[in-house]
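Peer 1: Provided below: entry38.txt, containing compact mmCIF, C-alpha atoms.
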```txt
# COMPACT_ATOMS: atom_id res chain seq x y z
CA MET A 72 -11.98 197.53 11.64
CA SER A 73 -13.89 196.14 8.67
CA ALA A 74 -16.39 193.35 9.18
CA GLY A 75 -16.21 192.57 5.46
CA ARG A 76 -12.44 191.97 5.53
CA ILE A 77 -12.78 189.77 8.62
CA ALA A 78 -15.52 187.77 6.91
CA ALA A 79 -13.39 187.42 3.76
CA ILE A 80 -10.49 185.96 5.75
CA ALA A 81 -12.81 183.57 7.60
CA ARG A 82 -14.40 182.53 4.28
CA ARG A 83 -10.97 181.83 2.79
CA ILE A 84 -10.06 179.55 5.73
CA ALA A 85 -13.39 177.72 5.48
CA GLN A 86 -12.98 177.17 1.72
CA GLY A 87 -9.46 175.84 2.30
CA PHE A 88 -10.75 173.28 4.77
CA ARG A 89 -13.64 172.38 2.46
CA ARG A 90 -11.24 171.52 -0.35
CA ASP A 91 -8.97 169.50 1.95
CA GLU A 92 -10.94 166.29 2.39
CA ARG A 93 -8.12 164.60 4.33
CA THR A 94 -8.05 167.34 6.96
CA LEU A 95 -11.84 167.23 7.28
CA GLY A 96 -11.71 163.47 7.76
CA LEU A 97 -9.00 163.77 10.41
CA MET A 98 -10.93 166.55 12.12
CA PHE A 99 -14.33 164.85 12.32
CA VAL A 100 -13.89 161.10 11.75
CA VAL A 101 -10.68 160.32 13.65
CA PRO A 102 -11.86 161.77 17.01
CA LEU A 103 -14.97 159.59 16.79
CA VAL A 104 -12.87 156.51 16.02
CA VAL A 105 -10.50 157.21 18.92
CA MET A 106 -13.38 157.81 21.35
CA ALA A 107 -15.11 154.64 20.15
CA LEU A 108 -11.89 152.72 20.72
CA LEU A 109 -11.50 154.17 24.20
CA GLY A 110 -15.11 153.32 25.04
CA TRP A 111 -14.59 149.77 23.79
CA VAL A 112 -11.51 149.35 25.97
CA LEU A 113 -13.15 150.80 29.09
CA ARG A 114 -16.39 148.83 28.76
CA ASP A 115 -15.06 145.46 27.64
CA THR A 116 -11.76 145.19 29.50
CA ARG A 117 -11.76 141.82 31.21
CA ASP A 118 -12.04 141.52 34.96
CA THR A 119 -9.51 138.74 35.46
CA THR A 120 -9.40 136.28 38.32
CA VAL A 121 -6.71 136.90 40.95
CA GLY A 122 -4.58 133.81 41.56
CA VAL A 123 -3.37 133.63 45.19
CA TRP A 124 -0.78 131.46 46.93
CA ILE A 125 -0.80 131.08 50.72
CA VAL A 126 2.44 130.69 52.68
CA ASN A 127 1.39 129.00 55.91
CA GLU A 128 3.84 129.81 58.73
CA ALA A 129 1.21 129.01 61.39
CA GLY A 130 1.39 125.24 60.82
CA ALA A 131 -1.67 123.15 61.60
CA ALA A 132 -3.42 126.14 63.14
CA GLY A 133 -2.96 128.10 59.90
CA GLN A 134 -4.64 125.32 57.96
CA ARG A 135 -7.93 126.44 59.46
CA PHE A 136 -7.42 129.85 57.85
CA VAL A 137 -6.48 128.21 54.53
CA ASP A 138 -9.73 126.22 54.60
CA ALA A 139 -11.72 129.34 55.50
CA PHE A 140 -10.01 131.30 52.72
CA ARG A 141 -10.79 128.57 50.20
CA GLU A 142 -14.43 128.57 51.28
CA ALA A 143 -14.53 132.37 50.97
CA THR A 144 -13.13 132.24 47.42
CA ILE A 145 -15.86 129.81 46.42
CA ASN A 146 -18.55 132.14 47.72
CA ALA A 147 -16.89 135.39 46.57
CA PRO A 148 -18.27 137.05 43.44
CA ASP A 149 -15.07 139.06 42.95
CA GLY A 150 -12.96 136.43 41.18
CA VAL A 151 -10.26 135.30 43.63
CA ASP A 152 -8.80 131.83 43.18
CA LEU A 153 -6.66 129.97 45.74
CA ILE A 154 -4.02 128.23 43.64
CA GLY A 155 -2.41 126.38 46.53
CA THR A 156 -0.06 126.64 49.48
CA ALA A 157 3.69 127.24 49.40
CA ASP A 158 6.23 126.21 52.01
CA THR A 159 8.23 129.44 51.94
CA GLU A 160 8.00 133.01 50.71
CA ASP A 161 10.75 132.29 48.19
CA ALA A 162 8.70 129.45 46.70
CA ALA A 163 5.67 131.72 46.38
CA LYS A 164 7.77 134.46 44.76
CA ALA A 165 9.19 131.93 42.30
CA ALA A 166 5.66 130.91 41.31
CA ILE A 167 4.69 134.54 40.74
CA ARG A 168 7.83 135.11 38.61
CA GLU A 169 6.77 132.20 36.43
CA ASP A 170 3.30 133.78 36.01
CA ASN A 171 1.72 130.98 38.01
CA GLY A 172 -0.30 133.30 40.20
CA ASP A 173 -0.67 137.00 40.92
CA MET A 174 -0.24 137.38 44.69
CA ALA A 175 0.91 135.49 47.76
CA LEU A 176 -0.51 135.71 51.26
CA VAL A 177 1.84 135.02 54.18
CA LEU A 178 0.22 133.77 57.40
CA PRO A 179 2.27 134.54 60.56
CA GLY A 180 2.62 131.98 63.34
CA ASP A 181 0.42 133.95 65.76
CA LEU A 182 -2.44 134.52 63.30
CA LEU A 183 -5.16 132.51 65.05
CA THR A 184 -4.07 133.73 68.49
CA ASP A 185 -4.67 137.33 67.40
CA ILE A 186 -8.03 136.48 65.85
CA ALA A 187 -9.22 134.56 68.91
CA ALA A 188 -8.24 137.50 71.13
CA GLY A 189 -10.17 139.91 68.93
CA ASN A 190 -7.02 141.67 67.77
CA ARG A 191 -6.55 142.87 64.24
CA PRO A 192 -4.42 140.18 62.52
CA SER A 193 -1.31 141.19 60.59
CA LEU A 194 -0.77 139.59 57.18
CA THR A 195 1.87 140.07 54.47
CA ILE A 196 0.81 140.23 50.85
CA ILE A 197 3.39 139.72 48.11
CA THR A 198 2.70 141.26 44.68
CA ARG A 199 4.75 141.61 41.52
CA GLY A 200 5.27 145.34 42.07
CA THR A 201 5.31 146.21 38.36
CA GLU A 202 1.72 147.33 37.62
CA PRO A 203 0.34 149.50 40.44
CA GLY A 204 -3.00 150.09 38.73
CA GLY A 205 -3.79 146.44 38.14
CA GLU A 206 -2.42 145.39 41.52
CA ALA A 207 -4.61 147.92 43.31
CA SER A 208 -7.68 146.30 41.74
CA GLN A 209 -6.43 142.83 42.68
CA PHE A 210 -5.72 143.97 46.22
CA GLY A 211 -9.28 145.25 46.60
CA LYS A 212 -10.67 141.85 45.60
CA LEU A 213 -8.34 140.06 47.99
CA GLN A 214 -9.35 142.28 50.90
CA THR A 215 -12.99 141.28 50.46
CA VAL A 216 -12.13 137.58 50.62
CA LEU A 217 -9.76 138.11 53.56
CA ALA A 218 -12.43 139.85 55.61
CA SER A 219 -14.86 136.99 54.91
CA ALA A 220 -12.27 134.36 55.86
CA VAL A 221 -11.35 136.13 59.11
CA ARG A 222 -15.01 136.47 60.13
CA GLY A 223 -15.42 132.72 59.69
CA LEU A 224 -12.65 132.03 62.23
CA VAL A 225 -13.75 134.37 65.01
CA PRO A 226 -15.32 132.57 68.02
CA GLU A 227 -18.86 133.51 68.99
CA GLY A 228 -19.06 136.58 71.15
CA VAL A 229 -15.72 137.98 70.00
CA PRO A 230 -15.94 141.12 67.81
CA ALA A 231 -14.62 140.37 64.35
CA PRO A 232 -11.91 142.60 62.85
CA VAL A 233 -13.26 143.90 59.57
CA ILE A 234 -10.03 144.08 57.58
CA PRO A 235 -6.68 142.52 58.56
CA GLN A 236 -3.65 144.77 58.88
CA ILE A 237 -1.65 144.42 55.67
CA GLU A 238 2.09 144.58 55.18
CA ARG A 239 3.22 144.62 51.57
CA ALA A 240 6.18 142.95 49.88
CA THR A 241 7.03 142.74 46.19
CA VAL A 242 8.75 140.28 43.89
CA TYR A 243 10.29 143.02 41.76
CA LEU A 244 11.49 146.48 42.77
CA THR A 245 10.69 147.39 46.39
CA PRO A 246 7.41 148.10 48.21
CA ASP A 247 8.33 151.79 48.47
CA ALA A 248 9.00 152.19 44.72
CA ASP A 249 7.02 155.14 43.42
CA GLU A 250 5.09 155.65 40.19
CA VAL A 251 8.13 157.08 38.41
CA ASP A 252 10.09 153.87 39.04
CA VAL A 253 7.23 151.74 37.73
CA PHE A 254 6.37 153.92 34.74
CA SER A 255 9.94 154.66 33.64
CA PRO A 256 9.85 151.97 30.89
CA ILE A 257 6.69 153.58 29.54
CA PHE A 258 8.33 157.02 29.54
CA LEU A 259 11.30 155.75 27.59
CA ALA A 260 9.22 153.84 25.04
CA PHE A 261 6.37 156.27 24.46
CA PHE A 262 8.21 159.60 24.37
CA GLY A 263 11.06 158.21 22.30
CA TYR A 264 8.60 156.75 19.80
CA PHE A 265 6.41 159.86 19.67
CA PHE A 266 9.10 162.48 19.11
CA VAL A 267 11.16 160.40 16.68
CA PHE A 268 8.07 159.71 14.56
CA LEU A 269 7.00 163.36 14.56
CA LEU A 270 10.41 164.83 13.72
CA THR A 271 11.17 162.24 11.04
CA GLY A 272 7.82 162.69 9.34
CA ILE A 273 8.15 166.48 9.17
CA SER A 274 11.82 166.39 8.10
CA PHE A 275 11.18 163.88 5.31
CA LEU A 276 8.20 165.90 4.11
CA ARG A 277 10.48 168.92 3.75
CA GLU A 278 12.81 166.81 1.62
CA ARG A 279 9.90 166.02 -0.68
CA ILE A 280 8.56 169.57 -0.83
CA GLY A 281 12.04 170.93 -1.56
CA GLY A 282 12.44 168.56 -4.52
CA THR A 283 15.45 166.75 -3.04
CA LEU A 284 13.72 163.38 -3.06
CA GLU A 285 12.60 163.69 -6.68
CA ARG A 286 16.12 164.56 -7.77
CA LEU A 287 17.47 161.53 -5.92
CA VAL A 288 15.00 159.23 -7.67
CA ALA A 289 16.23 160.54 -11.02
CA THR A 290 19.75 159.29 -10.20
CA PRO A 291 20.95 155.64 -10.32
CA VAL A 292 20.26 155.37 -6.58
CA THR A 293 17.56 152.76 -5.93
CA ARG A 294 14.50 153.54 -3.88
CA ALA A 295 15.52 151.04 -1.20
CA GLU A 296 18.90 152.80 -0.94
CA ILE A 297 17.13 156.14 -0.60
CA VAL A 298 14.97 154.90 2.25
CA LEU A 299 17.87 153.16 3.98
CA GLY A 300 20.02 156.28 3.60
CA TYR A 301 17.37 158.54 5.05
CA SER A 302 16.70 155.95 7.78
CA LEU A 303 20.39 155.89 8.69
CA GLY A 304 20.63 159.69 8.67
CA PHE A 305 17.55 160.22 10.79
CA GLY A 306 18.51 157.17 12.86
CA ILE A 307 21.73 158.84 14.02
CA PHE A 308 19.78 161.65 15.62
CA ALA A 309 17.16 159.20 16.93
CA THR A 310 19.99 157.28 18.61
CA ILE A 311 21.25 160.46 20.26
CA GLN A 312 17.74 161.31 21.42
CA ILE A 313 17.17 157.85 22.92
CA ALA A 314 20.58 158.05 24.61
CA PHE A 315 19.62 161.37 26.22
CA LEU A 316 16.23 160.00 27.31
CA THR A 317 17.84 156.90 28.81
CA LEU A 318 20.45 158.95 30.67
CA PHE A 319 17.80 161.36 31.94
CA ILE A 320 15.59 158.54 33.24
CA LEU A 321 18.35 156.46 34.84
CA ASN A 322 20.45 159.26 36.34
CA SER A 323 20.00 162.43 38.36
CA VAL A 324 22.24 165.41 39.05
CA GLN A 325 21.71 167.84 41.92
CA THR A 326 22.56 171.41 40.99
CA PRO A 327 23.64 173.77 43.75
CA ALA A 328 21.53 176.73 44.78
CA MET A 329 22.61 179.99 43.18
CA GLY A 330 21.19 183.14 44.70
CA PRO A 331 17.40 183.18 44.30
CA ILE A 332 17.50 179.98 42.21
CA PRO A 333 16.98 176.94 44.47
CA SER A 334 18.78 173.64 44.14
CA LEU A 335 17.32 171.55 41.31
CA THR A 336 17.36 167.86 40.49
CA ILE A 337 17.95 167.12 36.80
CA GLY A 338 16.96 163.60 35.83
CA LEU A 339 14.61 161.02 37.31
CA GLY A 340 17.24 158.83 38.97
CA VAL A 341 15.40 155.55 38.33
CA ASN A 342 17.32 152.47 39.49
CA ALA A 343 16.83 149.93 36.69
CA ALA A 344 16.91 146.31 37.77
CA GLY A 345 18.51 145.16 34.51
CA SER A 346 21.19 146.35 32.12
CA PRO A 347 20.74 149.97 30.99
CA TYR A 348 22.49 149.04 27.73
CA LEU A 349 19.87 146.40 26.98
CA ALA A 350 17.09 148.87 27.80
CA PHE A 351 18.76 151.32 25.41
CA LEU A 352 18.85 148.63 22.69
CA VAL A 353 15.12 147.93 23.02
CA ALA A 354 14.28 151.65 22.88
CA LEU A 355 16.67 152.14 19.95
CA LEU A 356 15.01 149.43 17.84
CA LEU A 357 11.64 151.00 18.58
CA SER A 358 12.91 154.43 17.52
CA ILE A 359 14.38 153.05 14.28
CA GLY A 360 10.95 151.62 13.53
CA ALA A 361 9.47 155.06 14.28
CA VAL A 362 11.94 156.62 11.82
CA ASN A 363 10.87 154.27 9.04
CA LEU A 364 7.20 154.68 9.93
CA GLY A 365 7.60 158.47 9.78
CA ILE A 366 9.21 158.18 6.33
CA PHE A 367 6.43 155.88 5.14
CA LEU A 368 3.49 157.97 6.37
CA SER A 369 4.98 161.33 5.38
CA THR A 370 4.66 160.30 1.72
CA PHE A 371 0.88 160.53 2.19
CA ALA A 372 1.02 164.09 3.56
CA ARG A 373 1.24 167.35 1.64
CA THR A 374 1.74 169.70 4.59
CA GLU A 375 3.35 169.58 8.02
CA LEU A 376 -0.11 169.92 9.55
CA GLN A 377 -1.16 166.68 7.89
CA VAL A 378 1.89 164.91 9.34
CA ILE A 379 0.86 166.08 12.80
CA GLN A 380 -2.67 164.91 12.11
CA PHE A 381 -1.40 161.35 11.78
CA ILE A 382 -0.70 161.36 15.53
CA PRO A 383 -4.29 160.42 16.49
CA LEU A 384 -4.12 157.55 14.00
CA VAL A 385 -0.67 156.26 14.91
CA ILE A 386 0.20 157.27 18.47
CA VAL A 387 -3.10 157.40 20.35
CA PRO A 388 -4.31 153.86 19.49
CA GLN A 389 -0.93 152.46 20.49
CA GLY A 390 -1.12 154.36 23.75
CA LEU A 391 -4.50 152.73 24.46
CA LEU A 392 -3.66 149.19 23.38
CA SER A 393 0.04 148.59 24.03
CA GLY A 394 -0.10 148.08 27.79
CA LEU A 395 0.58 151.66 28.82
CA LEU A 396 -2.70 152.02 30.69
CA TRP A 397 -4.20 148.51 30.84
CA PRO A 398 -2.56 145.07 30.70
CA VAL A 399 -2.84 143.66 27.18
CA ASN A 400 -4.21 140.35 28.43
CA GLN A 401 -7.24 142.14 29.89
CA LEU A 402 -8.30 143.69 26.57
CA PRO A 403 -11.08 142.15 24.44
CA ASP A 404 -9.84 139.41 22.09
CA ALA A 405 -10.12 141.56 18.95
CA LEU A 406 -8.13 144.38 20.54
CA GLN A 407 -5.52 141.94 21.84
CA ALA A 408 -4.91 140.83 18.26
CA ILE A 409 -4.41 144.46 17.21
CA ALA A 410 -2.17 145.13 20.22
CA HIS A 411 0.14 142.27 19.23
CA ALA A 412 0.68 143.94 15.85
CA LEU A 413 1.86 147.23 17.38
CA PRO A 414 5.57 147.91 17.93
CA LEU A 415 4.96 149.89 21.10
CA THR A 416 3.46 146.77 22.72
CA TYR A 417 6.71 144.83 22.33
CA ALA A 418 8.87 147.77 23.40
CA VAL A 419 6.88 148.35 26.60
CA GLU A 420 6.96 144.63 27.39
CA GLY A 421 10.69 144.36 26.73
CA LEU A 422 11.56 147.47 28.73
CA ARG A 423 9.47 146.31 31.66
CA GLU A 424 11.22 142.95 31.60
CA VAL A 425 14.64 144.62 31.62
CA MET A 426 14.11 147.67 33.83
CA LEU A 427 11.65 146.27 36.36
CA LYS A 428 12.36 142.52 36.41
CA GLY A 429 16.07 142.52 35.66
CA ALA A 430 15.81 140.28 32.57
CA ASP A 431 18.79 139.89 30.26
CA LEU A 432 19.35 138.54 26.74
CA SER A 433 18.75 134.99 27.96
CA SER A 434 15.09 135.89 28.57
CA ARG A 435 12.88 134.46 25.83
CA THR A 436 10.46 137.37 26.21
CA VAL A 437 13.22 139.92 25.60
CA GLN A 438 14.54 137.90 22.65
CA ILE A 439 11.11 137.83 21.00
CA ASP A 440 10.55 141.55 21.63
CA LEU A 441 13.89 142.46 20.03
CA ILE A 442 13.26 140.26 17.00
CA VAL A 443 9.75 141.62 16.45
CA LEU A 444 10.92 145.25 16.74
CA ALA A 445 13.69 144.59 14.21
CA VAL A 446 11.27 142.91 11.79
CA ILE A 447 8.79 145.79 12.08
CA ALA A 448 11.54 148.32 11.36
CA LEU A 449 12.58 146.40 8.22
CA ALA A 450 8.96 146.03 7.13
CA PHE A 451 8.47 149.80 7.15
CA VAL A 452 11.65 150.17 5.06
CA ALA A 453 10.03 147.97 2.40
CA LEU A 454 6.71 149.81 2.61
CA ALA A 455 8.38 153.22 2.34
CA SER A 456 10.32 152.04 -0.73
CA THR A 457 7.16 151.03 -2.57
CA THR A 458 5.39 154.26 -1.57
CA ILE A 459 8.16 156.44 -2.98
CA LYS A 460 7.99 154.50 -6.21
CA ARG A 461 4.27 155.12 -6.58
CA GLU A 462 4.59 158.81 -5.79
CA VAL A 463 7.38 159.91 -8.15
CA ALA A 464 7.35 157.30 -10.91
```
Spell out the structure here as structure tokens.
Peer 2:
Amino acid sequence: MSAGRIAAIARRIAQGFRRDERTLGLMFVVPLVVMALLGWVLRDTRDTTVGVWIVNEAGAAGQRFVDAFREATINAPDGVDLIGTADTEDAAKAAIREDNGDMALVLPGDLLTDIAAGNRPSLTIITRGTEPGGEASQFGKLQTVLASAVRGLVPEGVPAPVIPQIERATVYLTPDADEVDVFSPIFLAFFGYFFVFLLTGISFLRERIGGTLERLVATPVTRAEIVLGYSLGFGIFATIQIAFLTLFILNSVQTPAMGPIPSLTIGLGVNAAGSPYLAFLVALLLSIGAVNLGIFLSTFARTELQVIQFIPLVIVPQGLLSGLLWPVNQLPDALQAIAHALPLTYAVEGLREVMLKGADLSSRTVQIDLIVLAVIALAFVALASTTIKREVA
């Protein structure tokens, strides 16, 4: 083994990196930018006020609890706001569906009897059921106010229950829905977008390196036709990929045990509340945009490694800002503006509306999401056309 030969190989690699300024920038600058963005999101994410409705089934006796709860919200530093009272659970759920509140608290008829007897009261809390992370934070705030309100109603000499017993109900899905059910729209949007972008970018780069693209430009075919043709070709396989992802998420097949191989479940078996065809359409428009984005950005890369290095610039920021981890409305104002320019934001929103809330094409939110995704896909077609012109003209 020769130390000189080893050093020569290492020196060659170092000189290659030194001459590749783009790779050096992606290696040292991009990680700092991504970490700075993550730090900004974590430190400046807004702590929003929790809007609560109370469904009073205890009548006049329950009004005492409502008054105590209102007093507790005034004194609470945790940001809980009593919006008002509702006559029925259905009325409270309707208010939450219309985004007029975050949670509802149902008071049973025997609430004050239990409190006066020193028993732990039982309350029902209704949440949306679509964002477990955010709802867990809201629930923690509500518990603090509940404990304060209950202590204010306990007669002197009676031990106060610290925390009421909570039963949970949801507006969407079911209380026993697991994380896979809730995150299934994110799986479909993110993984479809990521893999379509990566495969398109690398495939289109190979077309350029092989000289196919330059020969096409020399023909009467226009640059817009070239991009649309490539977009259609790659789009066929993107459609197949999204179809497989959708089928995998929404279905499950149990394979029988064979000898030492145990029975396996293939697929997630998520029960979508809305039309699976509409969910497929939203994911398909996102993937078509990813195809055109991959074509556009691959014109700036010279190697497959450089295409992969675009992932921290394209995929990671969208993962942080598009509502995958934190609700968009809790981000700082500047980051909210950026989030509303990202295609993944609209895809996640649209898929959540369809798969979790059961929305259809009559939903204005779904309509806007579909239109924006289509416009973004067409915009990248135009950008890719101009980039090809600059490169080979």
Peer 1: So what do you get for atom CA of Asp247 of chain A versus atom CA of Thr215 of chain A, distance-wise?
Peer 2: 23.9 Å
Peer 1: With 8 Å as the threshold, what does the neighbourhood of (-5.0, 128.8, 47.6) contain in terms of residues, counting only C-alpha atoms? Coordinates are those of the file; answer as a tab-separated table (two decimals) with C-alpha atoms, in the coordinates of the input.
Peer 2:
```tsv
chain	number	residue	atom	x	y	z
A	122	GLY	CA	-4.58	133.81	41.56
A	123	VAL	CA	-3.37	133.63	45.19
A	124	TRP	CA	-0.78	131.46	46.93
A	125	ILE	CA	-0.80	131.08	50.72
A	137	VAL	CA	-6.48	128.21	54.53
A	140	PHE	CA	-10.01	131.30	52.72
A	141	ARG	CA	-10.79	128.57	50.20
A	152	ASP	CA	-8.80	131.83	43.18
A	153	LEU	CA	-6.66	129.97	45.74
A	154	ILE	CA	-4.02	128.23	43.64
A	155	GLY	CA	-2.41	126.38	46.53
A	156	THR	CA	-0.06	126.64	49.48
```
Peer 1: Quick one: residues within 9 Å of Ala220 of chain A, only C-alpha atoms counted, chain neighbours fewer than 3 positions away excluded, as number ranges by chain?
Peer 2: A: 136-144, 215-217, 223-224
Peer 1: Between atom CA of Gly133 of chain A and atom CA of Lys212 of chain A, what distance in Å does the model show, to one decimal?
Peer 2: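 Straight-line distance from atom CA of Gly133 of chain A to atom CA of Lys212 of chain A works out to 21.3 Å.
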Peer 1: Quick check, in Å to one decimal: how far apart do atom CA of Val324 of chain A and atom CA of Gly338 of chain A lie?
Peer 2: 6.4 Å
Peer 1: Which of these, A:Ile382, A:Ile80, A:Ala260, A:Ile337, has the shortest distance to Gln325 of chain A once you count only C-alpha atoms?
Peer 2: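 Looking at the shortest contact to Gln325 of chain A, the residue is A:Ile337.
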Peer 1: Residues near Ala445 of chain A, anyone? I mean within 10 Å using all atoms listed in the file, not counting same-chain ones fewer than 5 positions away, as a PyMOL selection string.
Peer 2: chain A and resi 353+355-357+359-360+414+439-440+450
Peer 1: Residues as selected, C-alpha atoms, written as a PDB file, keeping the file's coordinate frame, can you do that?
Peer 2:
```pdb
ATOM      1  CA  VAL A 353      15.120 147.930  23.020  1.00  0.00           C
ATOM      2  CA  LEU A 355      16.670 152.140  19.950  1.00  0.00           C
ATOM      3  CA  LEU A 356      15.010 149.430  17.840  1.00  0.00           C
ATOM      4  CA  LEU A 357      11.640 151.000  18.580  1.00  0.00           C
ATOM      5  CA  ILE A 359      14.380 153.050  14.280  1.00  0.00           C
ATOM      6  CA  GLY A 360      10.950 151.620  13.530  1.00  0.00           C
ATOM      7  CA  PRO A 414       5.570 147.910  17.930  1.00  0.00           C
ATOM      8  CA  ILE A 439      11.110 137.830  21.000  1.00  0.00           C
ATOM      9  CA  ASP A 440      10.550 141.550  21.630  1.00  0.00           C
ATOM     10  CA  ALA A 450       8.960 146.030   7.130  1.00  0.00           C
TER      11      ALA A 450
END
```
Peer 1: Identify which of the residues A:Leu276, A:Asn171, A:Phe308, A:Ile409 lies closest to Leu376 of chain A, counting all atoms listed in the file when measuring atom-to-atom distances.
Peer 2: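 Ranked by minimum distance to Leu376 of chain A, first place goes to A:Leu276.
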Peer 1: Which is closest to Thr195 of chain A among A:Pro398, A:Gly130, A:Pro333, A:Pro179, if we use all atoms listed in the file?
Peer 2: A:Pro179
Peer 1: Between A:Val378, A:Val100, A:Leu422, A:Val112, which one has atoms that come closest to Trp397 of chain A, using only C-alpha atoms?
Peer 2: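 Looking at the shortest contact to Trp397 of chain A, the residue is A:Val112.
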Peer 1: If I wrap all listed atoms of segment 336-340 of chain A in a box with edges along x, y and z and add 6 Å on each side, what are its centre and edge lengths in Å to one decimal, as AutoDock Vina command-line options?
Peer 2:
```
--center_x 16.3 --center_y 163.3 --center_z 38.2 --size_x 15.3 --size_y 21.0 --size_z 16.7
```
Peer 1: So, with only C-alpha atoms as the atoms that count, which of A:Pro383, A:Gly110, A:Gly205, A:Gly272 lies closest to Leu396 of chain A?
Peer 2: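 Ranking A:Pro383, A:Gly110, A:Gly205, A:Gly272 by distance to Leu396 of chain A, first place goes to A:Gly205.
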Peer 1: What lies within 9 Å of Ile459 of chain A using only C-alpha atoms, ignoring chain neighbours under 4 positions off, as an MDAnalysis selection string?
Peer 2: chainID A and resid 284 288 294 298 367 370 454:455 463:464
Peer 1: If I put a ball of radius 7 Å at (-5.9, 128.0, 65.5) in the file's coordinates, which residues poke into it when counting all atoms listed in the file, written as a JSON list (two decimals) with C-alpha atoms, keeping the file's coordinate frame?
Peer 2:
```
[["chain", "number", "residue", "atom", "x", "y", "z"],
["A", 132, "ALA", "CA", -3.42, 126.14, 63.14],
["A", 133, "GLY", "CA", -2.96, 128.10, 59.90],
["A", 135, "ARG", "CA", -7.93, 126.44, 59.46],
["A", 183, "LEU", "CA", -5.16, 132.51, 65.05],
["A", 184, "THR", "CA", -4.07, 133.73, 68.49]]
```
Peer 1: Missing atoms in segment 437-452 of chain A: fill them in up to N, CA and C atoms and send the result as a PDB file, in the coordinates of the input.
Peer 2:
```pdb
ATOM      1  N   VAL A 437      12.400 138.836  26.140  1.00  0.00           N
ATOM      2  CA  VAL A 437      13.220 139.920  25.600  1.00  0.00           C
ATOM      3  C   VAL A 437      13.704 139.571  24.198  1.00  0.00           C
ATOM      4  N   GLN A 438      14.089 138.324  23.973  1.00  0.00           N
ATOM      5  CA  GLN A 438      14.540 137.900  22.650  1.00  0.00           C
ATOM      6  C   GLN A 438      13.439 138.111  21.605  1.00  0.00           C
ATOM      7  N   ILE A 439      12.231 137.678  21.940  1.00  0.00           N
ATOM      8  CA  ILE A 439      11.110 137.830  21.000  1.00  0.00           C
ATOM      9  C   ILE A 439      10.821 139.302  20.747  1.00  0.00           C
ATOM     10  N   ASP A 440      10.832 140.120  21.794  1.00  0.00           N
ATOM     11  CA  ASP A 440      10.550 141.550  21.630  1.00  0.00           C
ATOM     12  C   ASP A 440      11.581 142.209  20.712  1.00  0.00           C
ATOM     13  N   LEU A 441      12.843 141.884  20.879  1.00  0.00           N
ATOM     14  CA  LEU A 441      13.890 142.460  20.030  1.00  0.00           C
ATOM     15  C   LEU A 441      13.723 142.031  18.580  1.00  0.00           C
ATOM     16  N   ILE A 442      13.436 140.760  18.370  1.00  0.00           N
ATOM     17  CA  ILE A 442      13.260 140.260  17.000  1.00  0.00           C
ATOM     18  C   ILE A 442      12.073 140.926  16.323  1.00  0.00           C
ATOM     19  N   VAL A 443      10.956 141.024  17.039  1.00  0.00           N
ATOM     20  CA  VAL A 443       9.750 141.620  16.450  1.00  0.00           C
ATOM     21  C   VAL A 443       9.990 143.094  16.123  1.00  0.00           C
ATOM     22  N   LEU A 444      10.645 143.826  17.008  1.00  0.00           N
ATOM     23  CA  LEU A 444      10.920 145.250  16.740  1.00  0.00           C
ATOM     24  C   LEU A 444      11.827 145.406  15.529  1.00  0.00           C
ATOM     25  N   ALA A 445      12.806 144.522  15.374  1.00  0.00           N
ATOM     26  CA  ALA A 445      13.690 144.590  14.210  1.00  0.00           C
ATOM     27  C   ALA A 445      12.929 144.271  12.925  1.00  0.00           C
ATOM     28  N   VAL A 446      12.059 143.276  12.967  1.00  0.00           N
ATOM     29  CA  VAL A 446      11.270 142.910  11.790  1.00  0.00           C
ATOM     30  C   VAL A 446      10.328 144.042  11.394  1.00  0.00           C
ATOM     31  N   ILE A 447       9.693 144.672  12.382  1.00  0.00           N
ATOM     32  CA  ILE A 447       8.790 145.790  12.080  1.00  0.00           C
ATOM     33  C   ILE A 447       9.543 146.939  11.444  1.00  0.00           C
ATOM     34  N   ALA A 448      10.745 147.240  11.937  1.00  0.00           N
ATOM     35  CA  ALA A 448      11.540 148.320  11.360  1.00  0.00           C
ATOM     36  C   ALA A 448      11.883 148.023   9.901  1.00  0.00           C
ATOM     37  N   LEU A 449      12.256 146.772   9.599  1.00  0.00           N
ATOM     38  CA  LEU A 449      12.580 146.400   8.220  1.00  0.00           C
ATOM     39  C   LEU A 449      11.326 146.406   7.337  1.00  0.00           C
ATOM     40  N   ALA A 450      10.196 146.031   7.898  1.00  0.00           N
ATOM     41  CA  ALA A 450       8.960 146.030   7.130  1.00  0.00           C
ATOM     42  C   ALA A 450       8.584 147.437   6.681  1.00  0.00           C
ATOM     43  N   PHE A 451       8.788 148.420   7.542  1.00  0.00           N
ATOM     44  CA  PHE A 451       8.470 149.800   7.150  1.00  0.00           C
ATOM     45  C   PHE A 451       9.472 150.338   6.132  1.00  0.00           C
ATOM     46  N   VAL A 452      10.700 149.813   6.121  1.00  0.00           N
ATOM     47  CA  VAL A 452      11.650 150.170   5.060  1.00  0.00           C
ATOM     48  C   VAL A 452      11.092 149.727   3.710  1.00  0.00           C
TER      49      VAL A 452
END
```
